[in-house]
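To be precise, the following lines are target-v7.cif, and they hold mmCIF, C-alpha atoms and all ligand atoms.
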data_model
loop_
_atom_site.label_atom_id
_atom_site.label_comp_id
_atom_site.auth_asym_id
_atom_site.auth_seq_id
_atom_site.Cartn_x
_atom_site.Cartn_y
_atom_site.Cartn_z
CA MET T 1 -28.60 5.85 -19.41
CA ARG T 2 -24.93 4.88 -19.33
CA VAL T 3 -24.35 1.66 -17.38
CA SER T 4 -20.82 0.70 -16.35
CA ARG T 5 -19.63 -2.85 -16.79
CA ARG T 6 -19.79 -3.40 -13.03
CA GLY T 7 -23.28 -1.94 -12.89
CA PHE T 8 -24.32 -4.09 -15.84
CA MET T 9 -23.01 -7.25 -14.18
CA LYS T 10 -24.82 -6.38 -10.94
CA LEU T 11 -28.08 -5.67 -12.75
CA THR T 12 -28.06 -8.69 -15.03
CA GLY T 13 -26.75 -11.04 -12.32
CA ALA T 14 -29.29 -9.89 -9.76
CA SER T 15 -32.16 -9.93 -12.26
CA ALA T 16 -31.33 -13.37 -13.61
CA ALA T 17 -30.98 -14.83 -10.11
CA CYS T 18 -34.24 -13.30 -8.90
CA ILE T 19 -36.26 -14.43 -11.91
CA SER T 20 -34.98 -17.99 -11.91
CA LEU T 21 -35.21 -18.51 -8.13
CA ALA T 22 -38.61 -16.84 -7.91
CA GLN T 23 -39.83 -18.95 -10.83
CA LEU T 24 -38.75 -22.04 -8.94
CA GLY T 25 -40.91 -21.02 -6.02
CA PHE T 26 -38.18 -19.91 -3.58
CA ASN T 27 -39.08 -17.33 -0.98
CA LEU T 28 -36.53 -14.56 -1.51
CA SER T 29 -37.44 -12.49 1.56
CA PRO T 30 -34.69 -13.90 3.83
CA VAL T 31 -32.09 -13.38 1.10
CA GLN T 32 -33.22 -9.82 0.56
CA ALA T 33 -33.11 -9.20 4.32
CA TYR T 34 -29.59 -10.68 4.47
CA ALA T 35 -28.44 -8.49 1.59
CA ALA T 36 -29.69 -5.41 3.44
CA ASP T 37 -27.56 -6.46 6.43
CA LEU T 38 -24.36 -6.77 4.41
CA LYS T 39 -21.59 -4.76 5.96
CA ILE T 40 -21.45 -2.35 3.04
CA ALA T 41 -25.20 -1.61 3.10
CA GLY T 42 -25.60 2.16 3.39
CA ALA T 43 -21.85 2.75 3.11
CA ARG T 44 -20.37 5.52 1.01
CA GLU T 45 -18.54 4.13 -2.03
CA VAL T 46 -15.56 5.91 -3.50
CA ILE T 47 -13.02 4.94 -6.14
CA SER T 48 -9.40 5.30 -5.08
CA ILE T 49 -6.02 4.14 -6.35
CA CYS T 50 -3.67 1.65 -4.74
CA PRO T 51 -0.47 3.60 -3.93
CA PHE T 52 1.90 0.66 -3.71
CA CYS T 53 3.17 0.36 -7.27
CA SER T 54 2.97 2.01 -10.65
CA CYS T 55 0.19 -0.32 -11.86
CA GLY T 56 -2.07 2.04 -9.92
CA CYS T 57 -4.96 -0.43 -9.67
CA ASN T 58 -8.33 1.10 -8.93
CA LEU T 59 -9.79 0.31 -5.52
CA ILE T 60 -13.42 0.49 -4.52
CA MET T 61 -13.52 1.72 -0.92
CA HIS T 62 -16.51 1.78 1.38
CA THR T 63 -16.69 4.06 4.39
CA LYS T 64 -19.23 4.33 7.17
CA GLN T 65 -19.20 7.18 9.67
CA GLY T 66 -15.77 8.19 8.44
CA LYS T 67 -14.32 4.70 8.94
CA LEU T 68 -12.95 2.51 6.18
CA ILE T 69 -14.89 -0.78 6.27
CA ASN T 70 -14.25 -2.46 2.92
CA VAL T 71 -11.72 -2.41 0.08
CA GLU T 72 -11.97 -4.39 -3.15
CA GLY T 73 -10.77 -4.32 -6.74
CA ASP T 74 -12.67 -2.39 -9.38
CA PRO T 75 -13.93 -4.56 -12.28
CA ASP T 76 -14.27 -1.43 -14.42
CA TYR T 77 -10.55 -0.67 -14.23
CA PRO T 78 -9.17 -1.93 -17.56
CA ILE T 79 -5.66 -2.92 -16.37
CA SER T 80 -6.46 -5.25 -13.48
CA GLU T 81 -10.16 -5.84 -14.20
CA GLY T 82 -11.01 -6.02 -10.52
CA SER T 83 -8.12 -8.14 -9.29
CA LEU T 84 -5.58 -6.97 -6.72
CA CYS T 85 -2.20 -8.42 -5.79
CA ALA T 86 -1.46 -9.41 -2.19
CA LYS T 87 -0.47 -5.87 -1.22
CA GLY T 88 -3.56 -4.20 -2.62
CA ALA T 89 -5.77 -6.95 -1.23
CA ALA T 90 -4.28 -6.40 2.24
CA MET T 91 -5.07 -2.68 2.21
CA LEU T 92 -7.95 -2.90 4.69
CA SER T 93 -6.16 -5.14 7.17
CA MET T 94 -3.07 -2.95 6.99
CA HIS T 95 -5.18 0.14 7.59
CA ASN T 96 -6.89 -1.41 10.63
CA SER T 97 -4.00 -3.49 11.98
CA ASP T 98 -3.26 -3.47 15.71
CA HIS T 99 0.41 -3.78 14.74
CA ARG T 100 0.37 -0.53 12.82
CA VAL T 101 3.10 1.74 14.17
CA TYR T 102 2.12 5.37 14.63
CA LYS T 103 5.25 6.65 16.37
CA PRO T 104 8.97 6.08 15.75
CA LEU T 105 10.45 3.24 17.76
CA TYR T 106 14.08 3.22 18.83
CA ARG T 107 16.21 0.44 20.26
CA ALA T 108 19.45 1.69 21.71
CA PRO T 109 22.65 -0.27 20.96
CA GLY T 110 22.70 -3.38 23.17
CA ALA T 111 19.18 -2.78 24.49
CA LEU T 112 16.45 -5.41 24.32
CA ASP T 113 13.42 -3.15 24.32
CA TRP T 114 12.09 -0.61 21.90
CA GLU T 115 11.11 2.81 23.15
CA GLU T 116 8.89 5.43 21.59
CA LYS T 117 10.71 8.58 20.46
CA ASP T 118 9.64 11.73 18.70
CA TRP T 119 10.51 12.45 15.09
CA ASP T 120 13.13 15.09 16.01
CA PHE T 121 15.11 12.48 17.92
CA VAL T 122 15.10 9.81 15.21
CA LEU T 123 15.70 12.18 12.30
CA ASP T 124 18.66 13.78 14.10
CA ARG T 125 20.04 10.35 14.90
CA ILE T 126 19.66 9.02 11.35
CA ALA T 127 21.23 12.16 9.89
CA ARG T 128 24.15 11.94 12.32
CA ARG T 129 24.82 8.28 11.53
CA VAL T 130 24.56 8.77 7.77
CA LYS T 131 26.84 11.82 7.83
CA ASP T 132 29.48 10.11 10.00
CA THR T 133 29.43 6.94 7.89
CA ARG T 134 29.65 8.83 4.61
CA ASP T 135 32.48 11.07 5.85
CA LYS T 136 34.42 8.01 7.01
CA ASP T 137 33.85 5.72 4.04
CA PHE T 138 33.36 7.91 0.97
CA ILE T 139 35.29 6.53 -2.03
CA ARG T 140 36.36 9.09 -4.62
CA GLN T 141 38.26 6.78 -6.98
CA ASN T 142 38.38 3.05 -7.56
CA ALA T 143 41.53 0.93 -7.87
CA LYS T 144 41.89 1.95 -11.53
CA GLY T 145 41.88 5.66 -10.65
CA GLN T 146 38.40 6.18 -12.09
CA THR T 147 36.16 8.67 -10.30
CA VAL T 148 33.31 6.80 -8.58
CA ASN T 149 32.17 9.05 -5.67
CA ARG T 150 30.32 6.36 -3.79
CA VAL T 151 29.61 4.93 -0.34
CA GLU T 152 29.55 1.17 0.06
CA THR T 153 28.78 0.94 3.78
CA ILE T 154 25.18 2.19 3.69
CA PHE T 155 22.35 0.04 2.39
CA GLN T 156 18.69 0.84 2.15
CA LEU T 157 15.89 -1.67 1.71
CA GLY T 158 12.60 0.00 0.84
CA THR T 159 9.28 -1.26 2.11
CA SER T 160 6.25 -2.19 0.06
CA GLN T 161 4.34 0.33 2.15
CA MET T 162 6.22 3.17 0.44
CA ASP T 163 4.32 4.63 -2.48
CA ASN T 164 5.82 5.53 -5.86
CA GLU T 165 6.57 9.13 -4.94
CA GLU T 166 8.24 8.19 -1.64
CA CYS T 167 10.39 5.64 -3.49
CA ALA T 168 11.42 8.22 -6.11
CA LEU T 169 12.41 10.75 -3.42
CA SER T 170 14.25 8.16 -1.38
CA HIS T 171 16.12 6.93 -4.46
CA GLN T 172 17.19 10.44 -5.49
CA MET T 173 18.36 11.28 -1.96
CA LEU T 174 20.46 8.11 -1.65
CA ARG T 175 22.02 8.48 -5.10
CA SER T 176 22.93 12.09 -4.29
CA LEU T 177 24.84 10.79 -1.25
CA GLY T 178 26.70 8.25 -3.39
CA VAL T 179 24.85 5.23 -1.96
CA VAL T 180 24.97 2.38 -4.47
CA TYR T 181 23.35 -0.44 -2.50
CA LEU T 182 19.61 0.01 -2.40
CA ASP T 183 16.72 -2.24 -3.15
CA HIS T 184 13.01 -2.37 -2.76
CA GLN T 185 10.83 -5.12 -1.38
CA ALA T 186 8.18 -4.59 -4.07
CA ARG T 187 10.69 -5.63 -6.74
CA VAL T 188 10.78 -9.25 -5.58
S1 LIG T 201 0.54 -3.06 -5.49
FE1 LIG T 201 -0.76 -4.61 -6.42
S2 LIG T 201 -2.87 -3.88 -6.19
FE2 LIG T 201 -1.48 -2.14 -5.80
S3 LIG T 201 -1.26 -1.09 -7.78
FE3 LIG T 201 0.41 -2.58 -7.66
S4 LIG T 201 -0.36 -4.48 -8.64
FE4 LIG T 201 -2.13 -3.15 -8.17
#
So, in terms of structure tokens, how does the structure I just supplied come out?
Amino acid sequence: MRVSRRGFMKLTGASAACISLAQLGFNLSPVQAYAADLKIAGAREVISICPFCSCGCNLIMHTKQGKLINVEGDPDYPISEGSLCAKGAAMLSMHNSDHRVYKPLYRAPGALDWEEKDWDFVLDRIARRVKDTRDKDFIRQNAKGQTVNRVETIFQLGTSQMDNEECALSHQMLRSLGVVYLDHQARV
């Protein structure tokens, strides 16, 4: 039988604890009952991958009735050995957050309040603003007469909630427009 490192640690840890506590005369029934009540008891366990950076740390995810109830690092993953950075560790709370935004929000110039809009509205508006800005400010040559083909009045700051593929696409799109000022929160 092949036993993974995580499985081995569980087996040896549980066995050692049971033998020593039982030998000392402790009644283990309440502990066993508590363990059965743990929130992941009976949950489906799947291995997934954190999408937030190219380390690609393994995540152990537990679901119950189609709902994500627990996320933790995978000790069998050789790169991170079960640890997660703040972003990976916050995966569950991000997934379940009341502040999670499901629809585009728009605040008109000068307005105080945000209003929900559909994707057609916001994509049209972003495209219009980018096109107008680029048409107005595109620089073909610098002061030395060298061809630069760039726009210096658009800046993009990426979010740590973008995955690698979204970042790559976003980067390629902005470079193709001549945008030179872009950064990503995950870099800091
Ligand atoms: S964001 Fe953090 S947890 Fe996720 S893959 Fe990168 S280092 Fe790992």
Using all atoms listed in the file, find each residue of chain T with at least one atom at most 9 Å away from an atom of ligand LIG 201 (chain T); report its shortest atom-to-atom pair and that distance in Å (one decimal), sort the rows by chain and rising residue number, and return the result as a tab-separated table.
residue	atom	partner	partner_atom	distance
T:Ile49	CA	T:LIG201	S3	7.2
T:Cys50	CA	T:LIG201	FE2	4.5
T:Pro51	CA	T:LIG201	S3	6.1
T:Phe52	CA	T:LIG201	S1	4.3
T:Cys53	CA	T:LIG201	FE3	4.1
T:Ser54	CA	T:LIG201	S3	6.0
T:Cys55	CA	T:LIG201	S3	4.4
T:Gly56	CA	T:LIG201	S3	3.9
T:Cys57	CA	T:LIG201	FE4	4.2
T:Asn58	CA	T:LIG201	S3	7.5
T:Leu59	CA	T:LIG201	S2	8.1
T:Gly73	CA	T:LIG201	S2	7.9
T:Ile79	CA	T:LIG201	FE4	8.9
T:Ser80	CA	T:LIG201	FE4	7.2
T:Ser83	CA	T:LIG201	S2	7.4
T:Leu84	CA	T:LIG201	S2	4.1
T:Cys85	CA	T:LIG201	FE1	4.1
T:Ala86	CA	T:LIG201	FE1	6.4
T:Lys87	CA	T:LIG201	S1	5.2
T:Gly88	CA	T:LIG201	S2	3.7
T:Ala89	CA	T:LIG201	S2	6.5
T:Ala90	CA	T:LIG201	S2	8.9
T:Met91	CA	T:LIG201	S2	8.8
T:Ser160	CA	T:LIG201	S1	8.0
T:Ala186	CA	T:LIG201	S1	7.9
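For the pair atom CA of Asp132 of chain T and atom CA of Ile154 of chain T, the separation is 11.0 Å.
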Problem set entry | Residues near Met173 of chain T, cut-off 12 Å, only C-alpha atoms, skip fewer than 6 positions along chain, as a list of chain:residue names | T:Val130, T:Gln156, T:Glu166, T:Cys167, T:Val179, T:Val180, T:Leu182
Exercise. Which residue out of T:Gln141, T:Leu177, T:Ala41, T:Tyr106 has the minimum interatomic distance to Asp118 of chain T when all atoms listed in the file are used?
Worked result: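 Looking only at the distances to Asp118 of chain T, the closest residue turns out to be T:Tyr106.
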Let me have the centre and edge lengths in Å, one decimal, of the box along x, y and z around every listed atom of segment 138-148 of chain T with 5 Å of margin on each side, as lines of an AutoDock Vina configuration file.
center_x = 37.6
center_y = 5.0
center_z = -5.6
size_x = 18.6
size_y = 18.2
size_z = 23.1
For this session: Select, from T:His62, T:Tyr77, T:Gly178, T:Arg125, the residue with the minimum atom-to-atom distance to Ala108 of chain T, counting all atoms listed in the file.
Result: T:Arg125
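The interatomic distance for the pair atom CA of Lys136 of chain T and atom CA of Thr159 of chain T works out to 27.2 Å.
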Exercise. Atom CA of Arg175 of chain T to atom CA of Gln161 of chain T: how many Å, to one decimal?
Worked result: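 Result for atom CA of Arg175 of chain T versus atom CA of Gln161 of chain T: 20.8 Å, one decimal.
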Exercise. Nearest to Val122 of chain T: which of T:Leu105, T:Gly42, T:Asn164, T:Asn149 is it, counting all atoms listed in the file?
Worked result: T:Leu105
Problem set entry | Residues near segment 92-100 of chain T, cut-off 9 Å, all atoms listed in the file, skip fewer than 4 positions along chain, as number ranges by chain | T: 68-72, 88
Exercise. Can you tell me, as a list in words, which residues sit within 7 Å of (14.6, -4.9, 2.7) in the file's frame, using only C-alpha atoms?
Worked result: Leu157, Gly158, Thr159, Asp183, His184 and Gln185 of chain T
